[in-house]
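K.L.:
Just data.cif, nothing more (mmCIF, C-alpha atoms):
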```
data_structure
loop_
_atom_site.group_PDB
_atom_site.id
_atom_site.type_symbol
_atom_site.label_atom_id
_atom_site.label_comp_id
_atom_site.auth_asym_id
_atom_site.auth_seq_id
_atom_site.Cartn_x
_atom_site.Cartn_y
_atom_site.Cartn_z
ATOM 1 C CA MET A 1 -31.807 0.192 7.858
ATOM 2 C CA PRO A 2 -29.616 -1.475 10.449
ATOM 3 C CA ARG A 3 -26.325 -3.143 9.481
ATOM 4 C CA LEU A 4 -26.193 -6.297 11.587
ATOM 5 C CA PHE A 5 -23.893 -9.165 12.477
ATOM 6 C CA THR A 6 -23.852 -11.893 15.109
ATOM 7 C CA GLY A 7 -20.894 -12.502 17.350
ATOM 8 C CA LEU A 8 -19.345 -13.443 20.638
ATOM 9 C CA GLU A 9 -18.172 -10.928 23.206
ATOM 10 C CA ILE A 10 -14.577 -10.923 24.433
ATOM 11 C CA PRO A 11 -14.256 -10.786 28.255
ATOM 12 C CA GLN A 12 -12.881 -7.502 29.572
ATOM 13 C CA ALA A 13 -9.709 -9.019 31.067
ATOM 14 C CA ILE A 14 -8.798 -10.595 27.720
ATOM 15 C CA ALA A 15 -9.695 -7.411 25.836
ATOM 16 C CA ASP A 16 -7.377 -5.524 28.185
ATOM 17 C CA GLU A 17 -4.540 -7.932 27.375
ATOM 18 C CA LEU A 18 -5.195 -7.761 23.627
ATOM 19 C CA SER A 19 -5.123 -3.966 23.777
ATOM 20 C CA THR A 20 -1.473 -4.130 24.897
ATOM 21 C CA LEU A 21 -0.649 -5.235 21.334
ATOM 22 C CA ARG A 22 -1.659 -1.818 20.002
ATOM 23 C CA GLY A 23 0.999 0.344 18.424
ATOM 24 C CA GLY A 24 4.174 -0.235 16.500
ATOM 25 C CA LEU A 25 2.611 -0.598 13.051
ATOM 26 C CA ALA A 26 2.300 2.531 10.920
ATOM 27 C CA GLY A 27 -0.885 2.558 8.851
ATOM 28 C CA ALA A 28 -2.872 0.540 11.409
ATOM 29 C CA ARG A 29 -6.212 1.881 12.628
ATOM 30 C CA TRP A 30 -6.557 0.137 15.986
ATOM 31 C CA ILE A 31 -9.954 -1.174 17.024
ATOM 32 C CA ASP A 32 -11.135 0.078 20.405
ATOM 33 C CA GLN A 33 -10.991 -2.780 22.895
ATOM 34 C CA ASP A 34 -14.689 -2.293 23.726
ATOM 35 C CA ASN A 35 -15.406 -3.396 20.146
ATOM 36 C CA TYR A 36 -13.382 -6.638 20.185
ATOM 37 C CA HIS A 37 -15.573 -9.612 19.284
ATOM 38 C CA ILE A 38 -15.644 -12.843 17.296
ATOM 39 C CA THR A 39 -17.979 -12.483 14.321
ATOM 40 C CA LEU A 40 -20.188 -15.494 13.721
ATOM 41 C CA ARG A 41 -22.226 -14.232 10.751
ATOM 42 C CA PHE A 42 -22.116 -10.885 8.961
ATOM 43 C CA ILE A 43 -25.691 -10.082 7.990
ATOM 44 C CA GLY A 44 -25.410 -6.647 6.427
ATOM 45 C CA ASP A 45 -27.991 -3.956 5.841
ATOM 46 C CA VAL A 46 -31.525 -5.234 6.379
ATOM 47 C CA ASP A 47 -34.924 -3.599 6.720
ATOM 48 C CA HIS A 48 -36.601 -3.450 10.119
ATOM 49 C CA ALA A 49 -39.005 -6.316 9.356
ATOM 50 C CA THR A 50 -36.093 -8.620 8.432
ATOM 51 C CA ALA A 51 -34.181 -7.517 11.535
ATOM 52 C CA ARG A 52 -37.227 -8.426 13.661
ATOM 53 C CA ASP A 53 -37.397 -11.870 11.996
ATOM 54 C CA ILE A 54 -33.668 -12.392 12.652
ATOM 55 C CA TYR A 55 -34.068 -11.495 16.327
ATOM 56 C CA LEU A 56 -36.973 -13.936 16.678
ATOM 57 C CA ASP A 57 -35.413 -16.835 14.759
ATOM 58 C CA LEU A 58 -32.136 -16.685 16.672
ATOM 59 C CA TRP A 59 -34.073 -17.704 19.811
ATOM 60 C CA ARG A 60 -34.287 -21.182 18.215
ATOM 61 C CA VAL A 61 -30.534 -21.682 18.593
ATOM 62 C CA LYS A 62 -29.833 -24.010 21.508
ATOM 63 C CA ARG A 63 -26.156 -24.749 21.992
ATOM 64 C CA PRO A 64 -23.905 -25.506 24.990
ATOM 65 C CA LEU A 65 -21.566 -23.012 26.573
ATOM 66 C CA LEU A 66 -18.583 -22.441 24.303
ATOM 67 C CA SER A 67 -15.017 -22.991 25.433
ATOM 68 C CA LEU A 68 -12.896 -20.709 23.271
ATOM 69 C CA SER A 69 -9.130 -20.476 22.852
ATOM 70 C CA LEU A 70 -7.280 -17.567 21.329
ATOM 71 C CA GLY A 71 -4.219 -18.503 19.314
ATOM 72 C CA GLU A 72 -1.581 -16.561 17.470
ATOM 73 C CA LEU A 73 -1.420 -13.149 15.873
ATOM 74 C CA SER A 74 -1.905 -13.131 12.126
ATOM 75 C CA PHE A 75 -3.348 -11.002 9.328
ATOM 76 C CA PHE A 76 -5.789 -11.133 6.432
ATOM 77 C CA GLY A 77 -5.081 -9.878 2.951
ATOM 78 C CA GLY A 78 -2.133 -11.845 1.613
ATOM 79 C CA ASP A 79 0.037 -9.499 -0.480
ATOM 80 C CA ARG A 80 -2.220 -6.566 0.494
ATOM 81 C CA PRO A 81 -2.714 -6.854 4.254
ATOM 82 C CA HIS A 82 -5.974 -5.285 5.416
ATOM 83 C CA SER A 83 -6.566 -6.640 8.945
ATOM 84 C CA LEU A 84 -4.419 -7.582 11.918
ATOM 85 C CA ILE A 85 -6.100 -10.413 13.838
ATOM 86 C CA VAL A 86 -5.823 -12.927 16.645
ATOM 87 C CA LYS A 87 -6.884 -16.385 15.545
ATOM 88 C CA VAL A 88 -9.501 -18.353 17.494
ATOM 89 C CA GLN A 89 -9.339 -22.155 17.586
ATOM 90 C CA PRO A 90 -12.283 -23.458 15.499
ATOM 91 C CA SER A 91 -13.836 -26.011 17.884
ATOM 92 C CA PRO A 92 -16.719 -28.233 16.715
ATOM 93 C CA ASP A 93 -19.162 -26.384 19.027
ATOM 94 C CA LEU A 94 -18.116 -23.013 17.601
ATOM 95 C CA LEU A 95 -18.460 -24.257 14.020
ATOM 96 C CA GLU A 96 -21.917 -25.705 14.737
ATOM 97 C CA LEU A 97 -23.077 -22.416 16.270
ATOM 98 C CA GLN A 98 -21.858 -20.520 13.227
ATOM 99 C CA MET A 99 -23.630 -22.980 10.909
ATOM 100 C CA ASP A 100 -26.866 -22.476 12.877
ATOM 101 C CA HIS A 101 -26.610 -18.750 12.191
ATOM 102 C CA GLU A 102 -25.902 -19.356 8.506
ATOM 103 C CA ARG A 103 -28.931 -21.668 8.168
ATOM 104 C CA ILE A 104 -31.224 -19.127 9.828
ATOM 105 C CA MET A 105 -30.068 -16.302 7.562
ATOM 106 C CA ARG A 106 -30.535 -18.481 4.461
ATOM 107 C CA ARG A 107 -34.005 -19.557 5.637
ATOM 108 C CA LEU A 108 -34.912 -15.873 5.952
ATOM 109 C CA GLY A 109 -33.884 -15.318 2.339
ATOM 110 C CA LEU A 110 -30.540 -13.608 2.930
ATOM 111 C CA PRO A 111 -27.687 -14.457 0.563
ATOM 112 C CA ALA A 112 -25.206 -17.112 1.617
ATOM 113 C CA GLU A 113 -21.967 -15.953 3.196
ATOM 114 C CA THR A 114 -19.337 -16.333 0.496
ATOM 115 C CA ARG A 115 -16.290 -16.159 2.768
ATOM 116 C CA LYS A 116 -15.048 -19.205 4.635
ATOM 117 C CA PHE A 117 -15.659 -18.887 8.376
ATOM 118 C CA THR A 118 -12.316 -18.116 10.009
ATOM 119 C CA PRO A 119 -12.893 -17.319 13.688
ATOM 120 C CA HIS A 120 -10.777 -14.379 14.829
ATOM 121 C CA VAL A 121 -10.651 -11.116 16.754
ATOM 122 C CA THR A 122 -9.752 -8.089 14.636
ATOM 123 C CA LEU A 123 -7.219 -5.839 16.371
ATOM 124 C CA ALA A 124 -6.595 -3.295 13.592
ATOM 125 C CA ARG A 125 -7.595 -2.353 10.060
ATOM 126 C CA LEU A 126 -4.589 -1.807 7.815
ATOM 127 C CA ARG A 127 -4.252 0.695 5.010
ATOM 128 C CA GLY A 128 -1.171 0.962 2.858
ATOM 129 C CA VAL A 129 0.799 -1.409 5.073
ATOM 130 C CA SER A 130 3.323 -3.688 3.377
ATOM 131 C CA THR A 131 3.617 -7.393 4.096
ATOM 132 C CA LEU A 132 7.174 -6.690 5.268
ATOM 133 C CA ALA A 133 5.928 -4.211 7.889
ATOM 134 C CA VAL A 134 3.305 -6.713 9.057
ATOM 135 C CA ALA A 135 5.929 -9.492 9.175
ATOM 136 C CA ASP A 136 8.214 -7.267 11.267
ATOM 137 C CA TYR A 137 5.354 -6.449 13.650
ATOM 138 C CA LEU A 138 4.390 -10.125 13.992
ATOM 139 C CA SER A 139 7.976 -11.300 14.474
ATOM 140 C CA LEU A 140 8.274 -9.122 17.571
ATOM 141 C CA ARG A 141 5.015 -10.501 18.963
ATOM 142 C CA SER A 142 4.945 -14.035 17.568
ATOM 143 C CA PHE A 143 4.114 -15.817 20.811
ATOM 144 C CA PRO A 144 0.761 -17.625 21.083
ATOM 145 C CA LEU A 145 -1.601 -15.815 23.427
ATOM 146 C CA GLN A 146 -2.975 -18.988 25.069
ATOM 147 C CA GLN A 147 -6.065 -17.218 26.380
ATOM 148 C CA LYS A 148 -9.134 -19.340 27.091
ATOM 149 C CA PHE A 149 -12.625 -18.327 28.110
ATOM 150 C CA GLU A 150 -16.204 -19.532 28.118
ATOM 151 C CA ALA A 151 -18.892 -17.768 26.142
ATOM 152 C CA ASP A 152 -22.299 -18.027 27.780
ATOM 153 C CA SER A 153 -24.151 -16.050 25.118
ATOM 154 C CA PHE A 154 -24.015 -14.769 21.568
ATOM 155 C CA LEU A 155 -25.153 -11.346 20.435
ATOM 156 C CA VAL A 156 -26.591 -9.423 17.529
ATOM 157 C CA TYR A 157 -24.620 -6.231 16.972
ATOM 158 C CA SER A 158 -25.368 -3.236 14.793
ATOM 159 C CA SER A 159 -22.794 -0.970 13.227
ATOM 160 C CA ARG A 160 -22.740 2.155 11.142
ATOM 161 C CA ASP A 161 -22.070 1.718 7.437
ATOM 162 C CA SER A 162 -19.441 4.447 7.254
ATOM 163 C CA VAL A 163 -17.320 3.379 10.225
ATOM 164 C CA GLY A 164 -15.563 -0.019 10.067
ATOM 165 C CA GLY A 165 -14.380 -1.261 13.419
ATOM 166 C CA GLY A 166 -17.098 0.246 15.580
ATOM 167 C CA PRO A 167 -18.647 1.537 17.548
ATOM 168 C CA TYR A 168 -20.904 -1.486 17.757
ATOM 169 C CA VAL A 169 -24.196 -1.600 19.617
ATOM 170 C CA VAL A 170 -25.594 -4.784 21.176
ATOM 171 C CA GLU A 171 -29.118 -5.177 19.805
ATOM 172 C CA ALA A 172 -29.964 -8.594 21.307
ATOM 173 C CA GLU A 173 -28.359 -11.274 23.476
ATOM 174 C CA TYR A 174 -29.070 -15.020 23.433
ATOM 175 C CA PRO A 175 -27.970 -17.467 26.137
ATOM 176 C CA LEU A 176 -25.853 -20.536 25.483
ATOM 177 C CA GLY A 177 -26.016 -23.636 27.661
ATOM 178 C CA ASP A 178 -28.791 -24.753 29.955
ATOM 179 C CA LEU A 179 -29.476 -23.274 33.375
ATOM 180 C CA ALA A 180 -27.265 -25.847 35.127
ATOM 181 C CA GLN A 181 -24.306 -25.095 32.833
ATOM 182 C CA ARG A 182 -24.781 -21.366 33.291
ATOM 183 C CA ALA A 183 -24.912 -21.665 37.091
ATOM 184 C CA GLN A 184 -21.824 -23.895 37.139
ATOM 185 C CA ALA A 185 -19.866 -21.433 34.951
ATOM 186 C CA SER A 186 -20.680 -18.492 37.266
#
```
I need this file expressed as structure tokens, please.
P.N.:
Amino acid sequence: MPRLFTGLEIPQAIADELSTLRGGLAGARWIDQDNYHITLRFIGDVDHATARDIYLDLWRVKRPLLSLSLGELSFFGGDRPHSLIVKVQPSPDLLELQMDHERIMRRLGLPAETRKFTPHVTLARLRGVSTLAVADYLSLRSFPLQQKFEADSFLVYSSRDSVGGGPYVVEAEYPLGDLAQRAQAS
């Protein structure tokens, strides 16, 4: 059974810049820059028939090109930090795309996503890292990244159950925007 999620790819130049933030935080397991992405909808383990239905139904999604902006470094986990992230500005177009994915998964009988959608790029998984250590790390790198890019597609990725943070495999790709928008962005 594949473990699937939908997401947006991070351009190589931005991934290269984000990778310079690696290091300086004991207990961090750094994500390989080839696996940086913005998750739109975690799907989970599904059988092959459901995966096929997901691939087919996602072709119904018709949205414009997405202008995305990376923001500041942050973390998830509150008093027990578990992920070091870079926030992504939640634009209306991004939120609508994510809601399209949620509606499709629900229509296919998958359970609703219980977590609030918080667009981000995960840089590291944290284990046994104190909030003080994370605060120290962030204070040395507290500048906003101010990176912007256009996403011209979204993807379905698969991952292995036993390995969080990759490697991820692109299973399908779906264009955003119409042909004129795509040609203008090139």
K.L.:
Please enumerate the residues selected by the PyMOL selection byres ((chain A and resi 148) around 9) when evaluated against the supplied file, formatted as a PyMOL selection string.
P.N.:
chain A and resi 14+67-70+146-147+149-150
K.L.:
Go ahead and save the picked residues with C-alpha atoms, as a PDB file, in the frame of the given file.
P.N.:
```pdb
ATOM      1  CA  ILE A  14      -8.798 -10.595  27.720  1.00  0.00           C
ATOM      2  CA  SER A  67     -15.017 -22.991  25.433  1.00  0.00           C
ATOM      3  CA  LEU A  68     -12.896 -20.709  23.271  1.00  0.00           C
ATOM      4  CA  SER A  69      -9.130 -20.476  22.852  1.00  0.00           C
ATOM      5  CA  LEU A  70      -7.280 -17.567  21.329  1.00  0.00           C
ATOM      6  CA  GLN A 146      -2.975 -18.988  25.069  1.00  0.00           C
ATOM      7  CA  GLN A 147      -6.065 -17.218  26.380  1.00  0.00           C
ATOM      8  CA  PHE A 149     -12.625 -18.327  28.110  1.00  0.00           C
ATOM      9  CA  GLU A 150     -16.204 -19.532  28.118  1.00  0.00           C
TER      10      GLU A 150
END
```
K.L.:
Please identify all polymer residues within 12 Å of A:Gly24, counting all atoms listed in the file, omitting same-chain residues fewer than 4 positions from it, and present them as a list in words.
P.N.:
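Once the nearby chain positions are removed, what remains is Thr20, Ala28, Arg29, Trp30, Ala124, Val129, Ala133, Val134, Ala135, Asp136, Tyr137, Leu138, Ser139, Leu140 and Arg141 of chain A.
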K.L.:
Using only C-alpha atoms, please write the residues we just selected to a file, as a short mmCIF file (atom, residue, chain, number, x, y, z; two decimals), keeping the file's coordinate frame.
P.N.:
```
data_model
loop_
_atom_site.label_atom_id
_atom_site.label_comp_id
_atom_site.auth_asym_id
_atom_site.auth_seq_id
_atom_site.Cartn_x
_atom_site.Cartn_y
_atom_site.Cartn_z
CA THR A 20 -1.47 -4.13 24.90
CA ALA A 28 -2.87 0.54 11.41
CA ARG A 29 -6.21 1.88 12.63
CA TRP A 30 -6.56 0.14 15.99
CA ALA A 124 -6.60 -3.30 13.59
CA VAL A 129 0.80 -1.41 5.07
CA ALA A 133 5.93 -4.21 7.89
CA VAL A 134 3.30 -6.71 9.06
CA ALA A 135 5.93 -9.49 9.18
CA ASP A 136 8.21 -7.27 11.27
CA TYR A 137 5.35 -6.45 13.65
CA LEU A 138 4.39 -10.12 13.99
CA SER A 139 7.98 -11.30 14.47
CA LEU A 140 8.27 -9.12 17.57
CA ARG A 141 5.01 -10.50 18.96
#
```
K.L.:
Near A:Asp93, counting only C-alpha atoms, which residues have an atom at most 9 Å away, once you skip same-chain residues fewer than 6 positions from it, shown as a list of chain:residue names?
P.N.:
A:Arg63, A:Pro64, A:Leu65, A:Leu66, A:Ser67
K.L.:
Could you please determine the separation between atom CA of A:Gly27 and atom CA of A:Val121 in Å, to one decimal place?
P.N.:
18.6 Å
K.L.:
Calculate, to one decimal in Å, the centre and edge lengths of the box along x, y and z of the file that holds all listed atoms of stretch 63-69 of chain A with 4 Å of margin on each side, and present them as AutoDock Vina command-line options.
P.N.:
```
--center_x -17.6 --center_y -23.0 --center_z 24.3 --size_x 25.0 --size_y 13.0 --size_z 12.6
```
K.L.:
I need the output of the PyMOL selection byres ((chain A and resi 119) around 6) for this file as a PyMOL selection string; which residues are they?
P.N.:
chain A and resi 88+118+120
K.L.:
Would you list the residues near (-20.5, -8.3, 16.9) (no more than 6 Å away, in the coordinates of the file, using only C-alpha atoms) as number ranges by chain?
P.N.:
A: 5-7, 37, 39, 157
K.L.:
Tell me which of A:Val46, A:Ser91, A:Leu8, A:Leu176 sits closest to A:Arg60, counting only C-alpha atoms.
P.N.:
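Among A:Val46, A:Ser91, A:Leu8, A:Leu176, it is A:Leu176 that comes nearest to A:Arg60.
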K.L.:
Given only C-alpha atoms as the basis, pick out the residue of A:Ala15, A:Val169, A:Leu56, A:Leu97 nearest to A:Asp32.
P.N.:
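For A:Asp32, the nearest of the candidates is A:Ala15.
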K.L.:
Using only C-alpha atoms, which of A:Leu145, A:Met105, A:Leu58, A:Leu84 sits nearest A:Tyr174?
P.N.:
A:Leu58
K.L.:
What is the atom CA of A:Gln33-atom CA of A:Ile85 distance in Å, reported with one decimal?
P.N.:
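Going from atom CA of A:Gln33 over to atom CA of A:Ile85, I get 12.8 Å.
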